[in-house]
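Here is the file input-v2.cif (mmCIF, C-alpha atoms; chains and numbers go by the auth columns).
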```
data_protein
#
loop_
_atom_site.group_PDB
_atom_site.id
_atom_site.type_symbol
_atom_site.label_atom_id
_atom_site.label_comp_id
_atom_site.label_asym_id
_atom_site.label_seq_id
_atom_site.Cartn_x
_atom_site.Cartn_y
_atom_site.Cartn_z
_atom_site.B_iso_or_equiv
_atom_site.auth_seq_id
_atom_site.auth_asym_id
ATOM 1 C CA MET A 1 -41.920 40.957 -28.995 0.00 1 Q
ATOM 2 C CA GLU A 2 -45.058 39.933 -30.843 0.00 2 Q
ATOM 3 C CA SER A 3 -42.986 38.524 -33.715 0.00 3 Q
ATOM 4 C CA VAL A 4 -41.014 36.395 -31.249 0.00 4 Q
ATOM 5 C CA LEU A 5 -44.251 34.981 -29.845 0.00 5 Q
ATOM 6 C CA LYS A 6 -45.476 34.191 -33.361 0.00 6 Q
ATOM 7 C CA LEU A 7 -42.180 32.443 -34.099 0.00 7 Q
ATOM 8 C CA LEU A 8 -42.467 30.380 -30.924 0.00 8 Q
ATOM 9 C CA GLN A 9 -46.045 29.445 -31.788 0.00 9 Q
ATOM 10 C CA HIS A 10 -44.973 28.456 -35.296 0.00 10 Q
ATOM 11 C CA THR A 11 -42.158 26.303 -33.859 0.00 11 Q
ATOM 12 C CA THR A 12 -44.611 24.574 -31.548 0.00 12 Q
ATOM 13 C CA ASP A 13 -46.966 23.931 -34.475 0.00 13 Q
ATOM 14 C CA CYS A 14 -44.108 22.397 -36.471 0.00 14 Q
ATOM 15 C CA GLU A 15 -43.214 20.064 -33.597 0.00 15 Q
ATOM 16 C CA GLU A 16 -46.820 18.946 -33.320 0.00 16 Q
ATOM 17 C CA VAL A 17 -46.879 18.171 -37.046 0.00 17 Q
ATOM 18 C CA GLN A 18 -43.632 16.190 -36.789 0.00 18 Q
ATOM 19 C CA ASN A 19 -44.858 14.207 -33.807 0.00 19 Q
ATOM 20 C CA GLY A 20 -48.180 13.577 -35.522 0.00 20 Q
ATOM 21 C CA LEU A 21 -46.648 11.729 -38.484 0.00 21 Q
ATOM 22 C CA ASP A 22 -47.565 8.072 -38.401 0.00 22 Q
ATOM 23 C CA GLN A 23 -45.446 5.255 -39.790 0.00 23 Q
ATOM 24 C CA GLN A 24 -47.235 5.104 -43.132 0.00 24 Q
ATOM 25 C CA GLN A 25 -46.777 8.840 -43.721 0.00 25 Q
ATOM 26 C CA ILE A 26 -43.067 8.523 -42.956 0.00 26 Q
ATOM 27 C CA ILE A 27 -42.745 5.580 -45.346 0.00 27 Q
ATOM 28 C CA ASP A 28 -44.616 7.455 -48.069 0.00 28 Q
ATOM 29 C CA SER A 29 -42.397 10.505 -47.561 0.00 29 Q
ATOM 30 C CA ILE A 30 -39.225 8.410 -47.782 0.00 30 Q
ATOM 31 C CA ARG A 31 -40.472 6.777 -50.995 0.00 31 Q
ATOM 32 C CA ASP A 32 -41.360 10.197 -52.425 0.00 32 Q
ATOM 33 C CA VAL A 33 -37.933 11.655 -51.632 0.00 33 Q
ATOM 34 C CA SER A 34 -36.236 8.554 -53.074 0.00 34 Q
ATOM 35 C CA ARG A 35 -38.238 8.938 -56.283 0.00 35 Q
ATOM 36 C CA LYS A 36 -37.337 12.629 -56.494 0.00 36 Q
ATOM 37 C CA LEU A 37 -33.659 11.796 -55.982 0.00 37 Q
ATOM 38 C CA ALA A 38 -33.824 9.353 -58.910 0.00 38 Q
ATOM 39 C CA TYR A 39 -35.479 12.008 -61.098 0.00 39 Q
ATOM 40 C CA ASN A 40 -32.864 14.524 -60.036 0.00 40 Q
ATOM 41 C CA GLU A 41 -30.080 12.123 -61.035 0.00 41 Q
ATOM 42 C CA CYS A 42 -31.639 11.677 -64.489 0.00 42 Q
ATOM 43 C CA TRP A 43 -31.997 15.432 -64.877 0.00 43 Q
ATOM 44 C CA PHE A 44 -28.380 15.947 -63.818 0.00 44 Q
ATOM 45 C CA GLN A 45 -27.134 13.395 -66.374 0.00 45 Q
ATOM 46 C CA LEU A 46 -29.067 15.061 -69.198 0.00 46 Q
ATOM 47 C CA GLU A 47 -28.419 18.724 -68.342 0.00 47 Q
ATOM 48 C CA SER A 48 -25.819 20.737 -70.258 0.00 48 Q
ATOM 49 C CA ASP A 49 -26.357 24.308 -69.018 0.00 49 Q
ATOM 50 C CA GLU A 50 -23.995 25.089 -66.140 0.00 50 Q
ATOM 51 C CA ASN A 51 -26.595 27.158 -64.269 0.00 51 Q
ATOM 52 C CA LEU A 52 -29.096 24.327 -64.402 0.00 52 Q
ATOM 53 C CA ILE A 53 -26.424 21.855 -63.351 0.00 53 Q
ATOM 54 C CA ASP A 54 -25.921 24.022 -60.266 0.00 54 Q
ATOM 55 C CA ALA A 55 -29.681 23.925 -59.689 0.00 55 Q
ATOM 56 C CA CYS A 56 -29.597 20.113 -59.903 0.00 56 Q
ATOM 57 C CA ILE A 57 -26.803 19.963 -57.351 0.00 57 Q
ATOM 58 C CA TYR A 58 -28.605 22.264 -54.909 0.00 58 Q
ATOM 59 C CA GLN A 59 -31.822 20.299 -55.300 0.00 59 Q
ATOM 60 C CA ARG A 60 -29.967 17.024 -54.735 0.00 60 Q
ATOM 61 C CA GLU A 61 -28.436 18.356 -51.523 0.00 61 Q
ATOM 62 C CA GLU A 62 -31.864 19.500 -50.317 0.00 62 Q
ATOM 63 C CA LEU A 63 -33.358 16.090 -51.075 0.00 63 Q
ATOM 64 C CA LYS A 64 -30.493 14.258 -49.374 0.00 64 Q
ATOM 65 C CA SER A 65 -30.965 16.397 -46.267 0.00 65 Q
ATOM 66 C CA ARG A 66 -34.692 15.671 -46.277 0.00 66 Q
ATOM 67 C CA TYR A 67 -33.961 11.952 -46.715 0.00 67 Q
ATOM 68 C CA ARG A 68 -31.566 11.934 -43.735 0.00 68 Q
ATOM 69 C CA TYR A 69 -34.183 13.751 -41.639 0.00 69 Q
ATOM 70 C CA LEU A 70 -36.867 11.217 -42.563 0.00 70 Q
ATOM 71 C CA LEU A 71 -34.575 8.275 -41.791 0.00 71 Q
ATOM 72 C CA LYS A 72 -33.817 9.769 -38.384 0.00 72 Q
ATOM 73 C CA LEU A 73 -37.531 10.266 -37.757 0.00 73 Q
ATOM 74 C CA ALA A 74 -38.263 6.701 -38.891 0.00 74 Q
ATOM 75 C CA LYS A 75 -35.696 5.356 -36.433 0.00 75 Q
ATOM 76 C CA GLN A 76 -37.232 7.398 -33.624 0.00 76 Q
ATOM 77 C CA LYS A 77 -40.712 6.093 -34.472 0.00 77 Q
ATOM 78 C CA GLY A 78 -39.541 2.478 -34.810 0.00 78 Q
ATOM 79 C CA VAL A 79 -40.261 2.101 -38.520 0.00 79 Q
ATOM 80 C CA ASN A 80 -38.496 -0.965 -39.895 0.00 80 Q
ATOM 81 C CA CYS A 81 -37.755 -2.529 -43.298 0.00 81 Q
ATOM 82 C CA ALA A 82 -40.809 -4.796 -43.132 0.00 82 Q
ATOM 83 C CA SER A 83 -42.987 -1.679 -43.362 0.00 83 Q
ATOM 84 C CA PHE A 84 -41.509 -0.891 -46.771 0.00 84 Q
ATOM 85 C CA GLN A 85 -42.267 -4.284 -48.262 0.00 85 Q
ATOM 86 C CA LYS A 86 -46.048 -3.832 -48.237 0.00 86 Q
#
```

Let me see the file written as structure tokens.
Amino acid sequence: MESVLKLLQHTTDCEEVQNGLDQQQIIDSIRDVSRKLAYNECWFQLESDENLIDACIYQREELKSRYRYLLKLAKQKGVNCASFQK
């Protein structure tokens, strides 16, 4: 029972962190994920070991999921394209 309470507390903490992100933090996170996706693409193009190619693919999927999450959050917070042009 105690572990369930800790899990619920952790979930609440995560929601508070998500709600506490301001527009600039969201923009910075989107830029960071975009940069990492570009690096991942370069790594994928240069890699020859099949195990590391798999690692590239898994990392790309993780980054794409994170990117989709951040875009959804940006829409909810009303972040627009003008914010990215600063």

### Interatomic distance (Å, one decimal) between CA of Gly78 (chain Q) and CA of Arg66 (chain Q)
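These atoms are spaced 18.1 Å apart.
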
### Message
Show me the residues close to (-34.9, 8.9, -41.4) - anything with an atom within 12 Å, counting only C-alpha atoms - and format the list as a list in words.
### Response
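Collected hits near the coordinates: Gln23, Ile26, Ile27, Asp28, Ser29, Ile30, Arg31, Val33, Ser34, Lys64, Ser65, Arg66, Tyr67, Arg68, Tyr69, Leu70, Leu71, Lys72, Leu73, Ala74, Lys75, Gln76, Lys77, Gly78, Val79, Asn80 and Cys81 of chain Q.
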
### Task
Find the residues near region 37-46 of chain Q: any atom within 8 Å, counting all atoms listed in the file, skip ones fewer than 5 places away on the same chain, and give them as an MDAnalysis selection string.
chainID Q and resid 53 56:57 59:60 63:64

Give me a file of those residues, with C-alpha atoms, as an mmCIF file, keeping the file's coordinate frame.
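Below you can see again_1.cif, which holds the result:
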```
data_model
loop_
_atom_site.group_PDB
_atom_site.id
_atom_site.type_symbol
_atom_site.label_atom_id
_atom_site.label_comp_id
_atom_site.auth_asym_id
_atom_site.auth_seq_id
_atom_site.Cartn_x
_atom_site.Cartn_y
_atom_site.Cartn_z
ATOM 1 C CA ILE Q 53 -26.424 21.855 -63.351
ATOM 2 C CA CYS Q 56 -29.597 20.113 -59.903
ATOM 3 C CA ILE Q 57 -26.803 19.963 -57.351
ATOM 4 C CA GLN Q 59 -31.822 20.299 -55.300
ATOM 5 C CA ARG Q 60 -29.967 17.024 -54.735
ATOM 6 C CA LEU Q 63 -33.358 16.090 -51.075
ATOM 7 C CA LYS Q 64 -30.493 14.258 -49.374
#
```
